[in-house]
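A.B. asks: Attaching a single structure in structure tokens format; questions to follow.
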2 protein chains.
Amino acid sequence: MLSPIRAKTFENDYSLDAVLPAPGACARFHRDEEIFGEGEAADYVYQVISGAVRTYRILRDGRRQIDEFHFAGDYFGLEMTETHRINAEAMSDATVRMIRRGALSDLAAQRGDAARALFRLTAEGLQRCQDHVLMLGRRSAQERVVGLLLDIATRTRADAELDVPMSRQDMADYLGLTIETVSRTLTSLQDEGLIALPTVRHMVLKDRRALERLVA
Amino acid sequence: MLSPIRAKTFENDYSLDAVLPAPGACARFHRDEEIFGEGEAADYVYQVISGAVRTYRILRDGRRQIDEFHFAGDYFGLEMTETHRINAEAMSDATVRMIRRGALSDLAAQRGDAARALFRLTAEGLQRCQDHVLMLGRRSAQERVVGLLLDIATRTRADAELDVPMSRQDMADYLGLTIETVSRTLTSLQDEGLIALPTVRHMVLKDRRALERLVA
DNA sequence: CGGCTGATTGAGGCTCGTCAAATGTCGTGG
DNA sequence: CCACGACATTTGACGAGCCTCAATCAGCCG
């Protein structure tokens, strides 16, 4: 089961949450159901209420790259183009709030704090994306896997006990690896005593200090 | 020599150029000179007037990942944090316009079009970053190199004749490869007749159609 | 208890990295 | 103008890390 997740670690005064009217229209999606696809009109911006969502892109030959995992509180689908450049799917059964893009830009035009919140959201996404680039460009398989585990721990406010909300394939496609490499890396981390793998989707960080040193 | 470069391919109505007062304070930097470094106060936003700039991050052990190349017209250093998370250096002798961050946020607070321009700039950066992630996560060395060459061609509005403004090391650190692999890939592209390499920094795209098929 | 899906493990191969040497390029000074 | 030296790039040989393909194992649900 997934721990409760708050949207962001930093000042929430600038969060869209504070600006937006109370929960409007929501939709429910089943595991692996598409929320929006590349090329579709980008009429909505979304916020995860519960569950988890992945956004990704696909090359002609089927290679998939996951951009980002989105947990409760996170916004996604905020694009500047008329149509979506990326795809979004529910990773688990999920309820998602849908905000009309038009309404949002009206709000931003009227209220400075709303515009600032949108800007901040995009800038935070850019920061995370830059971290992702560094990871994919210059880190080893082990560093990538450890980095993801620590990221999940932080974002889910988990201490040592980790509920991993994604499959090995999702992890691989986020990290630019194959499922086999992800799997092998996890068992080798277990062999070294750094983590434990009670079940496939439940992990324990046994030596967080050492793990953090690995990605320093 | 570098071809003249315009800032962006799309609508410039929303560009900061249209909003900002005529050229304010500028600074000149020599090749490889630092413009700002990680951890420094982010007091300015920058625009390349002439020359080229790289922004990058470095891991403890020296591994470097270039985030982005910035050419004439491009803005960079636009971060939301108080201090810079990344580094910026001149790739060639460059003149750079410096805009006080405070002045920019005042402007954004007063004028909706300025706020929108800033937002758009950040969102475009995010798009480029997502493309970069896809490249690093799921593309082969050859696809990465070809992708970069085509990107340079587009951004410099070059047809077939390319002036490459960066070293092999810069290319490698942008593409998540080594200089040796970049070099080997370029000569193999030459052997296949897809490009020509008259000099180290001057390339000719001999079969652009075929090159574009390679990164489809 | 099967059967299905997803994860792990194993063997072998390919791509790209490492280390080293050769070659090219460019600026400087004779 | 040419020679030299410093540095960048290319090339080669080899090895490591990750991928591919295939088999086995573990959960999960009817």
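Ordering of the structure tokens sets the chain letters (A, B, ...), residue numbers begin anew at 1 in every chain, and ligands are numbered from 1 in the order given.
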Select all residues from chain D having any atom no more than 9 Å from an atom of chain A (counting only C-alpha atoms (C1' of nucleotides), ignoring ligands), output as a count of residues only.

C.D. replies: 3

A.B. asks: I need the residues in region 61-133 of chain A that are strand (DSSP E) according to DSSP; give them as a ChimeraX atom specification.

C.D. replies: /A:64-70,75-76,87-90,94-100

A.B. asks: Counting only C-alpha atoms, which residues in chain B sit no more than 7 Å from chain A? For each one, give the nearest pair of atoms and the distance in Å, sorted by chain then residue number, as JSON lines.

C.D. replies:
{"residue": "B:Arg63", "atom": "CA", "partner": "A:Arg138", "partner_atom": "CA", "distance": 6.6}
{"residue": "B:Gln65", "atom": "CA", "partner": "A:Leu134", "partner_atom": "CA", "distance": 5.8}
{"residue": "B:Asp67", "atom": "CA", "partner": "A:Gln130", "partner_atom": "CA", "distance": 7.0}
{"residue": "B:Met80", "atom": "CA", "partner": "A:Ala123", "partner_atom": "CA", "distance": 6.6}
{"residue": "B:Ala109", "atom": "CA", "partner": "A:Gly112", "partner_atom": "CA", "distance": 6.6}
{"residue": "B:Gly112", "atom": "CA", "partner": "A:Ala109", "partner_atom": "CA", "distance": 6.6}
{"residue": "B:Phe119", "atom": "CA", "partner": "A:Phe119", "partner_atom": "CA", "distance": 5.6}
{"residue": "B:Thr122", "atom": "CA", "partner": "A:Ala123", "partner_atom": "CA", "distance": 6.4}
{"residue": "B:Ala123", "atom": "CA", "partner": "A:Thr122", "partner_atom": "CA", "distance": 6.4}
{"residue": "B:Leu126", "atom": "CA", "partner": "A:Leu126", "partner_atom": "CA", "distance": 5.0}
{"residue": "B:Cys129", "atom": "CA", "partner": "A:Cys129", "partner_atom": "CA", "distance": 6.3}
{"residue": "B:Gln130", "atom": "CA", "partner": "A:Cys129", "partner_atom": "CA", "distance": 6.8}
{"residue": "B:His132", "atom": "CA", "partner": "A:Val133", "partner_atom": "CA", "distance": 6.9}
{"residue": "B:Val133", "atom": "CA", "partner": "A:Val133", "partner_atom": "CA", "distance": 5.4}
{"residue": "B:Leu134", "atom": "CA", "partner": "A:Gln65", "partner_atom": "CA", "distance": 5.8}
{"residue": "B:Leu136", "atom": "CA", "partner": "A:Leu136", "partner_atom": "CA", "distance": 5.7}
{"residue": "B:Gly137", "atom": "CA", "partner": "A:Gly176", "partner_atom": "CA", "distance": 4.1}
{"residue": "B:Arg138", "atom": "CA", "partner": "A:Gly176", "partner_atom": "CA", "distance": 6.0}
{"residue": "B:Leu175", "atom": "CA", "partner": "A:Gly137", "partner_atom": "CA", "distance": 6.9}
{"residue": "B:Gly176", "atom": "CA", "partner": "A:Gly137", "partner_atom": "CA", "distance": 4.1}

A.B. asks: For the selection you just gave me, I'd like the residues written to a file as a PDB file, in the first residue's frame, keeping N, CA and C atoms.

C.D. replies:
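Saved to selection.pdb:
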ATOM      1  N   ARG B  63      32.763  13.689 -13.426  1.00  0.00           N
ATOM      2  CA  ARG B  63      31.899  13.433 -14.581  1.00  0.00           C
ATOM      3  C   ARG B  63      31.058  14.678 -14.856  1.00  0.00           C
ATOM      4  N   GLN B  65      27.995  16.649 -17.126  1.00  0.00           N
ATOM      5  CA  GLN B  65      26.853  16.525 -18.035  1.00  0.00           C
ATOM      6  C   GLN B  65      26.424  17.908 -18.484  1.00  0.00           C
ATOM      7  N   ASP B  67      23.861  20.356 -19.904  1.00  0.00           N
ATOM      8  CA  ASP B  67      22.410  20.456 -19.990  1.00  0.00           C
ATOM      9  C   ASP B  67      21.974  20.977 -21.338  1.00  0.00           C
ATOM     10  N   MET B  80      14.667  29.206 -10.472  1.00  0.00           N
ATOM     11  CA  MET B  80      13.712  29.654  -9.475  1.00  0.00           C
ATOM     12  C   MET B  80      14.334  29.670  -8.100  1.00  0.00           C
ATOM     13  N   ALA B 109       5.447  40.934 -12.542  1.00  0.00           N
ATOM     14  CA  ALA B 109       4.332  41.232 -11.641  1.00  0.00           C
ATOM     15  C   ALA B 109       3.428  42.310 -12.227  1.00  0.00           C
ATOM     16  N   GLY B 112       1.321  41.283 -17.640  1.00  0.00           N
ATOM     17  CA  GLY B 112       0.956  39.901 -17.907  1.00  0.00           C
ATOM     18  C   GLY B 112       1.757  39.299 -19.036  1.00  0.00           C
ATOM     19  N   PHE B 119       7.140  32.398 -18.526  1.00  0.00           N
ATOM     20  CA  PHE B 119       6.555  31.073 -18.424  1.00  0.00           C
ATOM     21  C   PHE B 119       6.856  30.265 -19.678  1.00  0.00           C
ATOM     22  N   THR B 122      10.439  29.062 -19.869  1.00  0.00           N
ATOM     23  CA  THR B 122      10.689  27.927 -18.986  1.00  0.00           C
ATOM     24  C   THR B 122      10.077  26.660 -19.556  1.00  0.00           C
ATOM     25  N   ALA B 123       8.861  26.779 -20.081  1.00  0.00           N
ATOM     26  CA  ALA B 123       8.185  25.616 -20.642  1.00  0.00           C
ATOM     27  C   ALA B 123       8.936  25.087 -21.857  1.00  0.00           C
ATOM     28  N   LEU B 126      11.788  23.145 -20.661  1.00  0.00           N
ATOM     29  CA  LEU B 126      11.345  21.833 -20.190  1.00  0.00           C
ATOM     30  C   LEU B 126      11.158  20.873 -21.364  1.00  0.00           C
ATOM     31  N   CYS B 129      14.430  19.749 -22.535  1.00  0.00           N
ATOM     32  CA  CYS B 129      15.004  18.843 -21.541  1.00  0.00           C
ATOM     33  C   CYS B 129      14.384  17.448 -21.675  1.00  0.00           C
ATOM     34  N   GLN B 130      13.099  17.391 -21.946  1.00  0.00           N
ATOM     35  CA  GLN B 130      12.439  16.094 -22.124  1.00  0.00           C
ATOM     36  C   GLN B 130      12.973  15.378 -23.364  1.00  0.00           C
ATOM     37  N   HIS B 132      15.918  15.703 -24.449  1.00  0.00           N
ATOM     38  CA  HIS B 132      17.251  15.282 -24.035  1.00  0.00           C
ATOM     39  C   HIS B 132      17.174  13.971 -23.248  1.00  0.00           C
ATOM     40  N   VAL B 133      16.203  13.878 -22.367  1.00  0.00           N
ATOM     41  CA  VAL B 133      16.011  12.657 -21.567  1.00  0.00           C
ATOM     42  C   VAL B 133      15.751  11.461 -22.479  1.00  0.00           C
ATOM     43  N   LEU B 134      14.892  11.647 -23.448  1.00  0.00           N
ATOM     44  CA  LEU B 134      14.583  10.555 -24.384  1.00  0.00           C
ATOM     45  C   LEU B 134      15.847  10.117 -25.119  1.00  0.00           C
ATOM     46  N   LEU B 136      19.029  10.465 -24.139  1.00  0.00           N
ATOM     47  CA  LEU B 136      20.006   9.813 -23.277  1.00  0.00           C
ATOM     48  C   LEU B 136      19.522   8.459 -22.787  1.00  0.00           C
ATOM     49  N   GLY B 137      18.208   8.341 -22.611  1.00  0.00           N
ATOM     50  CA  GLY B 137      17.695   7.106 -22.042  1.00  0.00           C
ATOM     51  C   GLY B 137      17.555   5.993 -23.046  1.00  0.00           C
ATOM     52  N   ARG B 138      17.219   6.335 -24.284  1.00  0.00           N
ATOM     53  CA  ARG B 138      16.795   5.291 -25.208  1.00  0.00           C
ATOM     54  C   ARG B 138      17.432   5.316 -26.579  1.00  0.00           C
ATOM     55  N   LEU B 175      25.976  14.475 -24.880  1.00  0.00           N
ATOM     56  CA  LEU B 175      25.330  13.254 -25.366  1.00  0.00           C
ATOM     57  C   LEU B 175      25.463  12.078 -24.411  1.00  0.00           C
ATOM     58  N   GLY B 176      26.180  12.266 -23.307  1.00  0.00           N
ATOM     59  CA  GLY B 176      26.382  11.155 -22.389  1.00  0.00           C
ATOM     60  C   GLY B 176      27.299  10.081 -22.956  1.00  0.00           C
TER      61      GLY B 176
END

A.B. asks: List as a ChimeraX atom specification the protein and nucleic acid residues near region 19-23 of chain C, meaning an atom at most 10 Å away when only C-alpha atoms (C1' of nucleotides) are counted, but skip any in the same chain fewer than 3 places from it.

C.D. replies: /D:9-14

A.B. asks: Can I get the selection written as an mmCIF file, in the first residue's frame, with C-alpha atoms (C1' of nucleotides)?

C.D. replies:
data_model
loop_
_atom_site.group_PDB
_atom_site.id
_atom_site.type_symbol
_atom_site.label_atom_id
_atom_site.label_comp_id
_atom_site.auth_asym_id
_atom_site.auth_seq_id
_atom_site.Cartn_x
_atom_site.Cartn_y
_atom_site.Cartn_z
ATOM 1 C "C1'" DT D 9 41.194 14.754 -32.310
ATOM 2 C "C1'" DT D 10 41.537 10.325 -34.311
ATOM 3 C "C1'" DT D 11 42.644 5.558 -34.307
ATOM 4 C "C1'" DG D 12 43.670 1.017 -32.285
ATOM 5 C "C1'" DA D 13 43.448 -2.847 -28.976
ATOM 6 C "C1'" DC D 14 41.209 -4.520 -25.323
#

A.B. asks: Do you know which residues are at most 10 Å from region 2-7 of chain C counting only C-alpha atoms (C1' of nucleotides), after dropping those on the same chain fewer than 5 positions away, and could you put them as a PyMOL selection string?

C.D. replies: (chain A and resi 167-169+179-180+183+200) or (chain D and resi 25-30)

A.B. asks: Rounded to one decimal place, report the CA of Leu186 (chain B)-CA of Val48 (chain B) distance in Å.

C.D. replies: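 CA of Val48 (chain B) lies at a distance of 28.3 Å from CA of Leu186 (chain B).
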
A.B. asks: Could the residues of chain C within 9 Å of chain B, counting only C-alpha atoms (C1' of nucleotides), be given as an MDAnalysis selection string, please?

C.D. replies: chainID C and resid 15:17 25

A.B. asks: Emit the selected residues as a PDB file, in the first residue's frame, including N, CA, C and O atoms (P, O5', C5', C4', C3', O3' and C1' of nucleotides).

C.D. replies:
ATOM      1  P    DT C  15      26.609  -3.730 -31.932  1.00  0.00           P
ATOM      2  O5'  DT C  15      26.578  -2.475 -30.955  1.00  0.00           O
ATOM      3  C5'  DT C  15      25.605  -2.433 -29.915  1.00  0.00           C
ATOM      4  C4'  DT C  15      26.094  -1.577 -28.782  1.00  0.00           C
ATOM      5  C3'  DT C  15      26.801  -0.299 -29.216  1.00  0.00           C
ATOM      6  O3'  DT C  15      26.209   0.764 -28.497  1.00  0.00           O
ATOM      7  C1'  DT C  15      28.145  -1.494 -27.677  1.00  0.00           C
ATOM      8  P    DC C  16      26.496   2.302 -28.873  1.00  0.00           P
ATOM      9  O5'  DC C  16      27.575   2.659 -27.758  1.00  0.00           O
ATOM     10  C5'  DC C  16      27.194   2.548 -26.386  1.00  0.00           C
ATOM     11  C4'  DC C  16      28.430   2.510 -25.538  1.00  0.00           C
ATOM     12  C3'  DC C  16      29.358   3.707 -25.693  1.00  0.00           C
ATOM     13  O3'  DC C  16      29.462   4.315 -24.412  1.00  0.00           O
ATOM     14  C1'  DC C  16      30.569   1.667 -25.709  1.00  0.00           C
ATOM     15  P    DG C  17      30.451   5.487 -24.062  1.00  0.00           P
ATOM     16  O5'  DG C  17      31.579   4.764 -23.198  1.00  0.00           O
ATOM     17  C5'  DG C  17      31.194   4.116 -21.989  1.00  0.00           C
ATOM     18  C4'  DG C  17      32.408   3.588 -21.252  1.00  0.00           C
ATOM     19  C3'  DG C  17      33.497   4.629 -20.989  1.00  0.00           C
ATOM     20  O3'  DG C  17      34.052   4.408 -19.699  1.00  0.00           O
ATOM     21  C1'  DG C  17      34.369   2.890 -22.353  1.00  0.00           C
ATOM     22  P    DT C  25      43.973  18.897 -39.710  1.00  0.00           P
ATOM     23  O5'  DT C  25      44.144  19.934 -38.514  1.00  0.00           O
ATOM     24  C5'  DT C  25      43.291  19.822 -37.377  1.00  0.00           C
ATOM     25  C4'  DT C  25      43.577  20.955 -36.419  1.00  0.00           C
ATOM     26  C3'  DT C  25      43.857  22.297 -37.093  1.00  0.00           C
ATOM     27  O3'  DT C  25      43.051  23.275 -36.465  1.00  0.00           O
ATOM     28  C1'  DT C  25      45.563  21.780 -35.546  1.00  0.00           C
TER      29       DT C  25
END

A.B. asks: For Met91 (chain B), work out the shell of residues within 8 Å, counting only C-alpha atoms (C1' of nucleotides) and skipping chain neighbours fewer than 3 positions away, then give it as a list of chain:residue names.

C.D. replies: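 Residues near the query, excluding close chain neighbours: B:Arg31, B:Asp32, B:Gly51, B:Ala52, B:Val53, B:Arg54, B:Ala94, B:Pro165, B:Met166.
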
A.B. asks: Please produce a file of the residues just selected, as an mmCIF file, in the first residue's frame, where the atoms kept are N, CA and C atoms.

C.D. replies:
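part-v1.cif written:
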data_model
loop_
_atom_site.group_PDB
_atom_site.id
_atom_site.type_symbol
_atom_site.label_atom_id
_atom_site.label_comp_id
_atom_site.auth_asym_id
_atom_site.auth_seq_id
_atom_site.Cartn_x
_atom_site.Cartn_y
_atom_site.Cartn_z
ATOM 1 N N ARG B 31 36.536 32.622 -24.070
ATOM 2 C CA ARG B 31 36.356 31.185 -24.214
ATOM 3 C C ARG B 31 36.733 30.473 -22.906
ATOM 4 N N ASP B 32 35.840 29.604 -22.472
ATOM 5 C CA ASP B 32 36.024 28.794 -21.261
ATOM 6 C C ASP B 32 35.957 29.580 -19.957
ATOM 7 N N GLY B 51 28.220 34.721 -29.772
ATOM 8 C CA GLY B 51 28.995 33.607 -29.239
ATOM 9 C C GLY B 51 28.081 32.491 -28.777
ATOM 10 N N ALA B 52 28.608 31.612 -27.942
ATOM 11 C CA ALA B 52 27.829 30.468 -27.477
ATOM 12 C C ALA B 52 28.210 30.135 -26.042
ATOM 13 N N VAL B 53 27.252 29.566 -25.341
ATOM 14 C CA VAL B 53 27.414 29.292 -23.913
ATOM 15 C C VAL B 53 26.968 27.866 -23.625
ATOM 16 N N ARG B 54 27.652 27.199 -22.695
ATOM 17 C CA ARG B 54 27.179 25.893 -22.249
ATOM 18 C C ARG B 54 26.784 25.978 -20.785
ATOM 19 N N ALA B 94 32.266 35.495 -25.953
ATOM 20 C CA ALA B 94 30.824 35.737 -26.047
ATOM 21 C C ALA B 94 30.453 37.036 -25.363
ATOM 22 N N PRO B 165 29.968 24.690 -33.088
ATOM 23 C CA PRO B 165 30.610 25.634 -32.179
ATOM 24 C C PRO B 165 31.234 24.992 -30.953
ATOM 25 N N MET B 166 31.145 23.675 -30.843
ATOM 26 C CA MET B 166 31.648 23.049 -29.604
ATOM 27 C C MET B 166 32.711 21.996 -29.898
#
